[in-house]
Amino acid sequence: MDQLSAGAQAAWQWLSEPIPYSTYPRAAVVGLLLGVGIVVVLTLLIAVPWARRWWTDDAPRPGEDEQGVSTKEMTLFEHLLELRNRLVISAVALAVTTAGAFVFYRTWMDIALRPIGQHDLQAITPTETIFTYFQVTLVVGLLVSMPVIAYEAWSYVAPGLTRKERRYVIAFIPGATFCFVLGVSFAYFALLPAALGFLLGFGADRIKIVPTIESYIKFVSHLMIATGLIFQMPLVMFFLAKLRLVNPKLLGSIRRYVIVAAFVAAAVVTPTPDPFNQLLVAIPILVLYEIGVLLSRLA
């Protein structure tokens, strides 16, 4: 019993310790991985069987031809009028969510500033601070309103697509969203603290590094977006294989070139020259590539 208690205490102490170059405990990373695992298991048990039935359903719908394209004809003016209406709805949704998010602007800024810890930032123009707050709030509003914007865009283009094309688009959107969120989370919790720890500590004994708030938010945004796009690789490889543009044999034969490209991409994405941060990006790229190769076999 004493050994079990000691083991549990040691495990809790290990989970409470922060990951390198970060204030986040290891428990946050473990929780994130467990959450991803639960989503994957639920997807395999529930979503996959339903998706198979939906994918093979070729029954014609009212108002569609044999391929699933809408038979309703519209003039050019009607198309432009519908486009205007959907753009207006999207803009109103973005304005409402941004205004609502601005109420909690300090919370969003605290989240954005957490990776940099207690390091000082500065503003060199009178309007820089308020514009930076608005920029962060706009990003939050865009994320919240994205379902409405995506629905309006889908409703506009869906009638002109065949049943098969609609299936590919509908299948691609959730997967792309999940991969992007996963990439952004990886950048926020793992890559950003490591990169900032190196950059702000380099030469700090002789040079005081005080970034502006605008440059910091721009740096964080670019790094997170780039990482989120990189995490789309397995899904893109799967759909390329589904369209018969690539095959698993071809993907396996170019693996050596992918390894070189992964380290080149890591050098471009990470603004630090140290090998630790480059490995932190290159290794996930290689893992994502291998996942894409496995998915291409299922295409």
# chains A, B, ... in the order shown; residues from 1 in each chain; ligands from 1

call {"tool": "residues_around", "arguments": {"residues": "Ala27 of chain A", "least_positions_apart": "4", "cutoff": "10 Å", "atoms": "only C-alpha atoms", "output": "PyMOL selection string"}}
result
chain A and resi 12-19+31-33

call {"tool": "select_by_dssp", "arguments": {"residues": "segment 221-259 of chain A", "states": "helix (DSSP H, G or I)", "output": "number ranges by chain"}}
result
A: 221-230, 233-242, 248-253, 255-259

call {"tool": "closest_residue", "arguments": {"among": "A:Leu83, A:Val220, A:Ala112, A:Val157", "to": "Val140 of chain A", "atoms": "only C-alpha atoms"}}
result
A:Ala112

call {"tool": "select_by_dssp", "arguments": {"residues": "segment 7-216 of chain A", "states": "strand (DSSP E or B)", "output": "ChimeraX atom specification"}}
result
/A:18,25,64,70,122,212

call {"tool": "residues_around", "arguments": {"residues": "segment 210-213 of chain A", "least_positions_apart": "4", "cutoff": "10 Å", "atoms": "only C-alpha atoms", "output": "VMD selection string"}}
result
chain A and resid 113 119 to 125 128 to 129 132 to 133 200 217 to 219

call {"tool": "atom_distance", "arguments": {"atom1": "atom CA of Tyr188 of chain A", "atom2": "atom CA of Val41 of chain A"}}
result
24.4 Å
